[in-house]
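Visitor: The following file, start_12.cif, comprises mmCIF, C-alpha atoms and all ligand atoms:
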```cif
data_entry
loop_
_atom_site.label_atom_id
_atom_site.label_comp_id
_atom_site.auth_asym_id
_atom_site.auth_seq_id
_atom_site.Cartn_x
_atom_site.Cartn_y
_atom_site.Cartn_z
CA MET A 1 2.21 36.25 -5.84
CA SER A 2 -0.38 38.00 -3.75
CA ASP A 3 -0.89 37.19 -0.11
CA THR A 4 -4.09 35.34 -0.84
CA ASP A 5 -2.34 33.04 -3.29
CA ARG A 6 0.22 31.80 -0.81
CA PRO A 7 -0.04 28.08 -0.10
CA GLY A 8 -1.35 27.55 3.39
CA SER A 9 -3.78 30.41 3.24
CA VAL A 10 -7.51 29.78 3.17
CA PRO A 11 -7.84 30.46 -0.60
CA LEU A 12 -5.91 27.26 -1.12
CA LEU A 13 -9.20 25.51 -0.43
CA ASP A 14 -10.91 27.58 -3.13
CA GLN A 15 -8.13 26.91 -5.59
CA ALA A 16 -8.40 23.20 -4.91
CA GLN A 17 -12.17 23.38 -5.28
CA SER A 18 -11.81 25.05 -8.67
CA ARG A 19 -9.75 22.06 -9.82
CA LEU A 20 -12.36 19.50 -8.80
CA GLY A 21 -13.84 19.10 -12.28
CA LEU A 22 -10.40 18.35 -13.72
CA MET A 23 -9.60 15.99 -10.88
CA LEU A 24 -12.78 14.01 -11.40
CA ALA A 25 -12.05 13.75 -15.14
CA ASP A 26 -8.52 12.54 -14.36
CA ILE A 27 -9.81 9.93 -11.90
CA GLN A 28 -12.31 8.66 -14.46
CA GLN A 29 -9.60 8.40 -17.08
CA LEU A 30 -7.39 6.28 -14.81
CA ILE A 31 -10.20 4.03 -13.58
CA GLU A 32 -11.24 3.29 -17.16
CA VAL A 33 -7.79 2.00 -18.16
CA GLU A 34 -7.99 -0.99 -15.76
CA THR A 35 -4.62 -1.99 -14.31
CA PRO A 36 -4.57 -5.37 -12.55
CA SER A 37 -1.07 -5.79 -11.09
CA ARG A 38 -0.20 -9.07 -12.81
CA ASP A 39 -1.14 -7.81 -16.28
CA LEU A 40 2.09 -6.03 -17.21
CA ASP A 41 0.68 -4.63 -20.47
CA ALA A 42 -2.29 -3.17 -18.64
CA VAL A 43 -0.01 -1.65 -16.00
CA ALA A 44 2.11 -0.15 -18.80
CA ARG A 45 -1.00 1.35 -20.40
CA GLY A 46 -2.03 2.75 -17.04
CA ALA A 47 1.42 4.30 -16.68
CA VAL A 48 0.97 6.10 -20.01
CA ALA A 49 -2.38 7.47 -18.82
CA VAL A 50 -0.80 8.64 -15.55
CA ALA A 51 2.12 10.21 -17.41
CA ASP A 52 -0.29 12.06 -19.73
CA ILE A 53 -2.16 13.48 -16.74
CA VAL A 54 1.03 14.44 -14.92
CA GLU A 55 2.35 16.19 -18.01
CA ALA A 56 -0.92 18.03 -18.57
CA ARG A 57 -1.20 19.20 -14.95
CA LEU A 58 2.45 19.74 -14.01
CA GLY A 59 4.12 20.52 -17.31
CA ASN A 60 6.69 17.71 -17.02
CA ARG A 61 6.56 14.11 -18.13
CA PRO A 62 7.74 11.57 -15.55
CA GLU A 63 10.58 9.17 -16.32
CA VAL A 64 9.50 5.62 -17.08
CA LEU A 65 11.33 2.99 -15.02
CA THR A 66 10.65 -0.59 -16.08
CA VAL A 67 11.81 -3.28 -13.66
CA GLN A 68 11.34 -6.92 -14.67
CA GLY A 69 8.61 -5.84 -17.07
CA CYS A 70 6.69 -3.76 -14.53
CA THR A 71 6.30 -0.06 -15.32
CA HIS A 72 6.88 2.59 -12.66
CA LEU A 73 6.95 6.39 -13.01
CA ARG A 74 9.00 9.02 -11.25
CA LEU A 75 9.04 12.79 -11.53
CA LYS A 76 11.60 14.77 -9.52
CA PHE A 77 11.57 18.53 -9.21
CA GLY A 78 14.87 20.31 -8.61
CA SER A 79 18.34 18.88 -8.95
CA GLY A 80 18.98 17.56 -5.44
CA PRO A 81 17.73 14.34 -3.89
CA PRO A 82 13.99 14.27 -3.16
CA ARG A 83 13.03 15.80 0.20
CA VAL A 84 9.31 15.10 0.05
CA VAL A 85 8.15 11.96 -1.74
CA LEU A 86 4.53 11.60 -2.80
CA LEU A 87 4.16 7.84 -2.94
CA CYS A 88 1.39 6.30 -5.07
CA HIS A 89 0.57 3.13 -6.96
CA GLN A 90 -1.63 2.83 -10.03
CA ASP A 91 -2.13 -0.93 -10.12
CA THR A 92 -5.34 -2.34 -8.65
CA VAL A 93 -6.61 -5.71 -7.47
CA TRP A 94 -9.38 -5.70 -10.09
CA PRO A 95 -9.15 -8.13 -13.02
CA ARG A 96 -9.74 -6.69 -16.46
CA GLY A 97 -13.42 -6.53 -17.33
CA SER A 98 -14.43 -5.53 -13.79
CA LEU A 99 -15.34 -2.16 -15.25
CA GLN A 100 -18.27 -3.68 -17.10
CA ARG A 101 -19.74 -4.92 -13.84
CA LEU A 102 -18.69 -1.91 -11.78
CA PRO A 103 -18.49 1.03 -14.19
CA PHE A 104 -17.16 4.44 -13.23
CA SER A 105 -20.02 6.51 -11.86
CA MET A 106 -20.72 9.63 -9.85
CA GLN A 107 -23.99 9.82 -8.02
CA ASP A 108 -25.16 11.56 -4.85
CA GLY A 109 -21.65 12.78 -4.10
CA VAL A 110 -20.11 9.32 -4.38
CA LEU A 111 -17.57 8.28 -6.99
CA ARG A 112 -17.34 4.59 -7.84
CA GLY A 113 -15.26 2.30 -9.97
CA PRO A 114 -12.43 -0.25 -9.65
CA GLY A 115 -9.51 1.40 -7.89
CA SER A 116 -11.48 4.55 -7.03
CA PHE A 117 -10.67 4.26 -3.32
CA ASP A 118 -7.45 2.22 -3.53
CA MET A 119 -5.87 4.44 -4.75
CA LEU A 120 -6.48 6.23 -8.03
CA THR A 121 -8.25 9.14 -6.32
CA GLY A 122 -5.26 9.59 -4.03
CA LEU A 123 -2.90 9.51 -6.99
CA VAL A 124 -4.82 12.27 -8.74
CA MET A 125 -4.88 14.24 -5.46
CA ALA A 126 -1.08 14.06 -5.32
CA VAL A 127 -0.74 15.37 -8.87
CA HIS A 128 -3.14 18.25 -8.22
CA ALA A 129 -1.62 19.13 -4.85
CA ALA A 130 1.66 19.62 -6.72
CA GLY A 131 -0.30 21.57 -9.35
CA LEU A 132 -1.67 23.90 -6.67
CA LEU A 133 1.85 24.72 -5.48
CA ARG A 134 3.06 25.20 -9.03
CA ASP A 135 0.15 27.53 -9.82
CA SER A 136 0.84 29.66 -6.78
CA ALA A 137 4.60 30.08 -7.06
CA GLY A 138 5.87 28.43 -10.21
CA GLU A 139 7.96 25.32 -10.53
CA ALA A 140 10.42 26.55 -7.89
CA ALA A 141 7.67 25.83 -5.34
CA LEU A 142 8.15 22.13 -6.13
CA ASP A 143 11.92 22.03 -5.71
CA GLY A 144 12.64 18.86 -3.71
CA VAL A 145 9.29 17.19 -4.43
CA CYS A 146 9.22 13.77 -6.05
CA LEU A 147 6.14 11.97 -7.33
CA LEU A 148 6.62 8.19 -7.46
CA VAL A 149 3.90 6.02 -9.02
CA THR A 150 4.51 2.29 -8.86
CA GLY A 151 2.78 -0.59 -10.62
CA ASP A 152 2.99 -3.60 -8.31
CA GLU A 153 1.95 -2.49 -4.83
CA GLU A 154 -1.01 -4.82 -4.63
CA ILE A 155 1.21 -7.89 -5.11
CA GLY A 156 3.95 -6.97 -2.63
CA SER A 157 6.10 -4.47 -4.60
CA ALA A 158 8.82 -6.95 -5.56
CA THR A 159 9.92 -4.84 -8.55
CA SER A 160 9.44 -1.40 -6.97
CA GLN A 161 10.78 -1.90 -3.47
CA GLU A 162 14.35 -0.91 -4.30
CA LEU A 163 13.18 2.06 -6.36
CA ILE A 164 11.02 3.27 -3.46
CA LEU A 165 13.87 2.95 -0.95
CA GLU A 166 16.39 4.61 -3.26
CA THR A 167 14.03 7.50 -4.07
CA ALA A 168 13.20 8.13 -0.42
CA ALA A 169 16.68 7.53 0.98
CA GLN A 170 17.40 11.19 1.76
CA ALA A 171 13.85 12.43 2.12
CA ARG A 172 12.53 14.10 5.24
CA ALA A 173 9.03 12.87 4.50
CA VAL A 174 7.20 10.20 2.56
CA LEU A 175 3.53 10.99 2.08
CA VAL A 176 1.55 7.93 1.05
CA LEU A 177 -1.64 8.60 -0.90
CA GLU A 178 -3.30 5.33 0.05
CA ALA A 179 -6.95 5.55 0.96
CA SER A 180 -7.77 6.77 4.46
CA ALA A 181 -9.10 4.67 7.32
CA PRO A 182 -12.84 4.97 8.15
CA GLY A 183 -14.01 8.56 8.53
CA GLY A 184 -10.96 9.91 6.72
CA ALA A 185 -8.54 8.87 9.47
CA LEU A 186 -4.82 8.98 8.71
CA LYS A 187 -2.75 5.84 9.04
CA VAL A 188 0.02 6.50 11.53
CA GLY A 189 0.89 2.87 12.11
CA ARG A 190 0.77 -0.22 9.98
CA LYS A 191 1.59 -3.74 11.02
CA GLY A 192 4.45 -5.40 9.30
CA GLY A 193 4.15 -8.92 8.03
CA GLY A 194 5.83 -12.18 7.26
CA ILE A 195 4.76 -14.91 4.88
CA TYR A 196 5.95 -18.46 5.51
CA SER A 197 5.52 -21.93 4.20
CA LEU A 198 6.05 -24.85 6.54
CA ARG A 199 6.89 -27.96 4.50
CA ILE A 200 6.62 -31.31 6.19
CA THR A 201 8.05 -34.54 4.89
CA GLY A 202 7.04 -37.92 6.32
CA ARG A 203 7.09 -41.33 4.71
CA GLY A 204 4.41 -42.75 2.46
CA ALA A 205 2.96 -46.21 3.05
CA HIS A 206 -0.12 -48.19 2.06
CA ALA A 207 -2.89 -47.23 4.42
CA GLY A 208 -4.30 -50.78 4.38
CA LEU A 209 -1.32 -53.08 4.08
CA ASP A 210 1.27 -51.47 6.34
CA PRO A 211 0.29 -48.04 7.66
CA GLU A 212 2.65 -48.54 10.60
CA LYS A 213 5.57 -48.21 8.17
CA GLY A 214 4.50 -44.73 7.21
CA VAL A 215 5.17 -41.40 8.88
CA SER A 216 2.16 -39.16 8.38
CA ALA A 217 3.09 -35.65 7.28
CA LEU A 218 -0.50 -34.68 8.05
CA LEU A 219 -0.32 -35.76 11.69
CA GLU A 220 3.00 -33.96 12.00
CA LEU A 221 1.41 -30.84 10.50
CA ALA A 222 -1.44 -31.08 12.99
CA ALA A 223 1.06 -31.41 15.82
CA GLN A 224 2.88 -28.26 14.69
CA LEU A 225 -0.17 -26.01 14.47
CA PRO A 226 -0.64 -25.31 18.19
CA ALA A 227 2.99 -24.23 18.41
CA VAL A 228 2.55 -22.02 15.35
CA THR A 229 -0.61 -20.28 16.52
CA GLY A 230 0.80 -20.12 20.06
CA LEU A 231 3.29 -17.54 18.79
CA ALA A 232 0.46 -15.00 18.45
CA ASP A 233 0.11 -12.35 21.12
CA PRO A 234 -3.38 -10.81 20.96
CA GLU A 235 -2.55 -8.16 23.55
CA ARG A 236 0.24 -6.83 21.38
CA GLY A 237 -1.84 -7.26 18.23
CA THR A 238 0.49 -9.96 16.93
CA THR A 239 -1.32 -12.51 14.78
CA VAL A 240 0.01 -15.80 13.41
CA THR A 241 -2.52 -17.39 11.08
CA PRO A 242 -2.20 -20.69 9.23
CA THR A 243 -3.94 -20.07 5.89
CA THR A 244 -3.65 -22.38 2.88
CA PHE A 245 -2.64 -26.02 3.32
CA ALA A 246 -2.18 -29.06 1.14
CA GLY A 247 -0.87 -32.59 1.36
CA GLY A 248 -1.24 -36.24 0.60
CA THR A 249 -1.65 -38.11 -2.66
CA THR A 250 -4.40 -40.75 -2.63
CA THR A 251 -7.07 -41.78 -0.18
CA ASN A 252 -5.25 -45.02 0.64
CA THR A 253 -1.76 -43.65 1.26
CA VAL A 254 -0.24 -42.35 4.47
CA PRO A 255 0.67 -38.82 3.35
CA ALA A 256 4.39 -38.27 2.83
CA ASN A 257 4.07 -34.52 2.29
CA ALA A 258 2.10 -31.65 3.75
CA THR A 259 2.46 -27.88 3.55
CA VAL A 260 0.84 -25.02 5.40
CA ALA A 261 1.21 -21.31 4.65
CA ILE A 262 1.47 -18.96 7.62
CA ASP A 263 0.60 -15.25 7.65
CA ALA A 264 2.26 -13.35 10.53
CA ARG A 265 1.56 -9.68 11.40
CA ALA A 266 2.85 -7.45 14.16
CA ALA A 267 3.05 -3.77 15.05
CA THR A 268 6.75 -3.78 15.88
CA MET A 269 9.85 -5.23 14.31
CA ALA A 270 10.73 -6.84 17.65
CA GLU A 271 7.48 -8.79 17.58
CA LEU A 272 7.97 -9.86 13.96
CA GLU A 273 11.45 -11.07 14.83
CA ARG A 274 10.16 -12.95 17.87
CA VAL A 275 7.63 -14.78 15.71
CA ASP A 276 10.25 -15.41 13.03
CA ALA A 277 12.61 -16.94 15.57
CA GLY A 278 9.78 -19.01 17.04
CA LEU A 279 8.86 -20.45 13.66
CA ARG A 280 12.50 -21.23 12.93
CA SER A 281 12.84 -23.14 16.19
CA LEU A 282 10.00 -25.58 15.41
CA ARG A 283 11.15 -29.21 15.59
CA PRO A 284 9.37 -32.37 14.43
CA SER A 285 7.36 -34.21 17.06
CA HIS A 286 7.07 -37.56 15.23
CA PRO A 287 10.19 -39.71 14.73
CA GLY A 288 11.03 -39.80 11.03
CA ALA A 289 9.24 -36.56 10.13
CA GLU A 290 11.14 -33.56 8.84
CA ILE A 291 10.11 -29.95 8.73
CA VAL A 292 11.49 -27.10 6.64
CA LEU A 293 10.46 -23.46 7.01
CA GLU A 294 10.54 -21.21 3.94
CA GLY A 295 9.81 -17.50 3.67
CA GLY A 296 10.44 -14.73 6.16
CA ILE A 297 9.63 -11.15 7.14
CA ASN A 298 8.22 -9.42 4.09
CA ARG A 299 7.41 -5.82 5.07
CA PRO A 300 8.61 -4.13 8.25
CA PRO A 301 5.98 -2.33 10.34
CA LEU A 302 5.27 1.36 10.03
CA GLU A 303 5.88 2.09 13.68
CA ARG A 304 3.93 4.97 15.12
CA PRO A 305 6.93 7.17 16.06
CA MET A 306 7.89 7.30 12.35
CA ALA A 307 4.64 9.13 11.60
CA ALA A 308 4.32 11.28 14.73
CA ASP A 309 5.97 14.51 13.53
CA LEU A 310 4.33 14.42 10.11
CA HIS A 311 0.99 13.79 11.75
CA ALA A 312 1.49 16.86 13.95
CA ASP A 313 2.30 18.89 10.83
CA TYR A 314 -0.81 17.58 9.09
CA VAL A 315 -2.97 18.56 12.08
CA ARG A 316 -1.48 22.08 12.06
CA VAL A 317 -2.08 22.58 8.33
CA THR A 318 -5.62 21.21 8.64
CA ALA A 319 -6.38 23.60 11.48
CA GLU A 320 -4.89 26.55 9.57
CA LEU A 321 -7.25 25.77 6.71
CA GLY A 322 -10.18 25.60 9.11
CA ARG A 323 -10.86 21.97 8.32
CA PRO A 324 -11.88 19.31 10.85
CA VAL A 325 -8.86 17.32 12.02
CA PRO A 326 -9.11 13.64 11.02
CA ASP A 327 -8.42 10.82 13.45
CA ALA A 328 -5.15 8.91 13.34
CA VAL A 329 -5.23 5.13 13.60
CA GLU A 330 -3.05 2.05 13.36
CA VAL A 331 -4.13 -0.58 10.86
CA GLY A 332 -3.24 -4.18 10.06
CA GLY A 333 -2.71 -3.95 6.31
CA CYS A 334 0.66 -3.16 4.72
CA SER A 335 1.52 -0.54 2.10
CA ASP A 336 4.69 0.75 0.48
CA GLY A 337 4.92 3.13 3.43
CA ASN A 338 6.05 0.12 5.46
CA PHE A 339 9.29 0.00 3.45
CA THR A 340 10.18 3.66 3.89
CA ALA A 341 9.25 3.75 7.58
CA GLY A 342 11.21 0.54 8.08
CA ALA A 343 14.21 2.28 6.51
CA GLY A 344 13.91 5.13 9.01
CA VAL A 345 12.28 7.76 6.78
CA PRO A 346 9.37 9.62 8.42
CA THR A 347 6.22 8.35 6.71
CA LEU A 348 2.56 9.36 6.90
CA ASP A 349 -0.03 7.16 5.22
CA GLY A 350 -3.73 7.25 4.40
CA LEU A 351 -3.59 10.76 2.94
CA GLY A 352 -5.73 9.83 -0.06
CA ALA A 353 -9.43 9.31 -0.64
CA VAL A 354 -12.12 9.28 2.01
CA GLY A 355 -14.57 6.48 1.35
CA ASP A 356 -14.73 2.76 1.85
CA GLY A 357 -14.64 -0.66 0.23
CA ALA A 358 -11.01 -1.23 -0.76
CA HIS A 359 -10.82 -4.46 -2.83
CA ALA A 360 -14.61 -4.86 -2.53
CA ASP A 361 -17.56 -4.29 -4.85
CA HIS A 362 -18.76 -1.30 -2.85
CA GLU A 363 -15.43 0.53 -3.33
CA HIS A 364 -16.08 4.28 -3.47
CA ALA A 365 -14.72 7.74 -2.70
CA LEU A 366 -16.59 10.75 -1.32
CA ILE A 367 -16.38 13.58 -3.84
CA ALA A 368 -16.80 16.36 -1.25
CA GLU A 369 -13.54 15.34 0.48
CA ILE A 370 -11.33 15.29 -2.62
CA ALA A 371 -10.62 19.01 -3.01
CA PRO A 372 -10.22 19.88 0.70
CA ARG A 373 -7.81 16.99 1.30
CA THR A 374 -5.86 17.99 -1.78
CA ALA A 375 -5.56 21.51 -0.36
CA VAL A 376 -4.33 20.14 2.98
CA LEU A 377 -1.81 17.94 1.17
CA ALA A 378 -0.51 20.93 -0.79
CA GLY A 379 -0.22 22.93 2.44
CA LEU A 380 1.61 20.06 4.11
CA VAL A 381 4.11 19.72 1.24
CA ALA A 382 4.75 23.48 1.28
CA ARG A 383 5.32 23.34 5.02
CA LEU A 384 7.75 20.40 4.76
CA LEU A 385 9.78 22.06 2.02
ZN ZN B 1 -3.37 0.69 -2.28
#
```
Show how you would write the structure in this file as structure tokens.

Guide:
Amino acid sequence: MSDTDRPGSVPLLDQAQSRLGLMLADIQQLIEVETPSRDLDAVARGAVAVADIVEARLGNRPEVLTVQGCTHLRLKFGSGPPRVVLLCHQDTVWPRGSLQRLPFSMQDGVLRGPGSFDMLTGLVMAVHAAGLLRDSAGEAALDGVCLLVTGDEEIGSATSQELILETAAQARAVLVLEASAPGGALKVGRKGGGIYSLRITGRGAHAGLDPEKGVSALLELAAQLPAVTGLADPERGTTVTPTTFAGGTTTNTVPANATVAIDARAATMAELERVDAGLRSLRPSHPGAEIVLEGGINRPPLERPMAADLHADYVRVTAELGRPVPDAVEVGGCSDGNFTAGAGVPTLDGLGAVGDGAHADHEHALIAEIAPRTAVLAGLVARLL
């Protein structure tokens, strides 16, 4: 290879730019499949489309891993355990038929369509970043790289979590191609979360004849809520939010049952555990009422130190390519990067599309950012290998 072809040199930007047409075609193809997470057949069809693109661009077809009916894809280069994992998902939050209302389009430098921002553009960027390295130095340039494309990220990754952890177990880096934060910022911290259900049992009674014989689950629920929300710590960014609730049977019965769901988020595992312990120590305040807590910590936080070194590498590669260095921010939402960071594997997130509107009708990606960020990603992978 000539000096100008070496990954990390400025021509990497030109090489990425020359792939833009292909990348846009690949993104369109994936958007037009439609892959809502809970539709397993749709996710399987999406996986075929992804596998076709991977095979066309990288010369190898990924292995298909089906877990409880959900299709995931993995392509490892080299014989050893993966050292750099490119982590993507191809499921979206969009129900089938959304495409009719929000068709794929490209206008004024903006690409639109369901899943364009979260995260089909990022997925295609990962494939082409690997393609850039392969073009410059053959398949040996990808030794140690693993592309993992899951199908259930948007619903909590129940069937892919183990696969993600196993794939990344010996990696030195997990690069998550989720959409960037506003302005193209990288995600160097993500809150972790817990999901709980507080079930309250009282005693039913006729509200007219003998209400005094009842124990109101609703009043007990109301009594618990200040203690629940009191576990939040705004200064630390810890939130504890009662969300859905239900209870009672008829308008003339003291309610015997009530339930409230609780969404807890925190930036550190210590905070999540503090909230968890607090919820578990709740005790009934009305004689005769019982409370049971279900659920627990769901995704650990991506704590900032887990991303620090990779972020420094990203900044260096960006500067070498003469590109403006994006901001780095901490965000509230979870991704599969939470799992790998929680397991102690360095993880950098938000490497995918620049744009806005995840899960919203105005979802879009900026076309001008796709090739340059793909070049930076390729340079980063080469550096990490
Ligand atoms: Zn996503």

Visitor: Which neighbours of region 69-78 of chain A fall inside 8 Å, counting all atoms listed in the file, when residues of the same chain fewer than 2 positions from it are skipped, and could you give them as a PyMOL selection string?

Guide: chain A and resi 40+43-44+47+51+60-67+80+82+139-140+142-152+159-160

Visitor: Of the candidates A:Arg299, A:Arg323, A:Arg373, A:His359, which shows the shortest atom-to-atom distance to ligand ZN 1 (chain B), using only C-alpha atoms and all ligand atoms?

Guide: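 Answer, going by the shortest atom-to-atom distance: A:His359.
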
Visitor: Which residues form the shell of 9 Å around ligand ZN 1 (chain B) when you count all atoms listed in the file, given as number ranges by chain?

Guide: A: 88-93, 115, 117-120, 153-154, 177-179, 334-336, 358

Visitor: Please, what distance in Å, to one decimal, runs between CA of Asn252 (chain A) and CA of Gly214 (chain A)?

Guide: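 It comes out at 11.8 Å.
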
Visitor: Which residues are close to region 29-33 of chain A, i.e. within 8 Å by only C-alpha atoms, leaving aside same-chain residues fewer than 2 positions away? Reply as an MDAnalysis selection string.

Guide: chainID A and resid 25:27 35 42 45:46 49:50 99 104 113:116 120
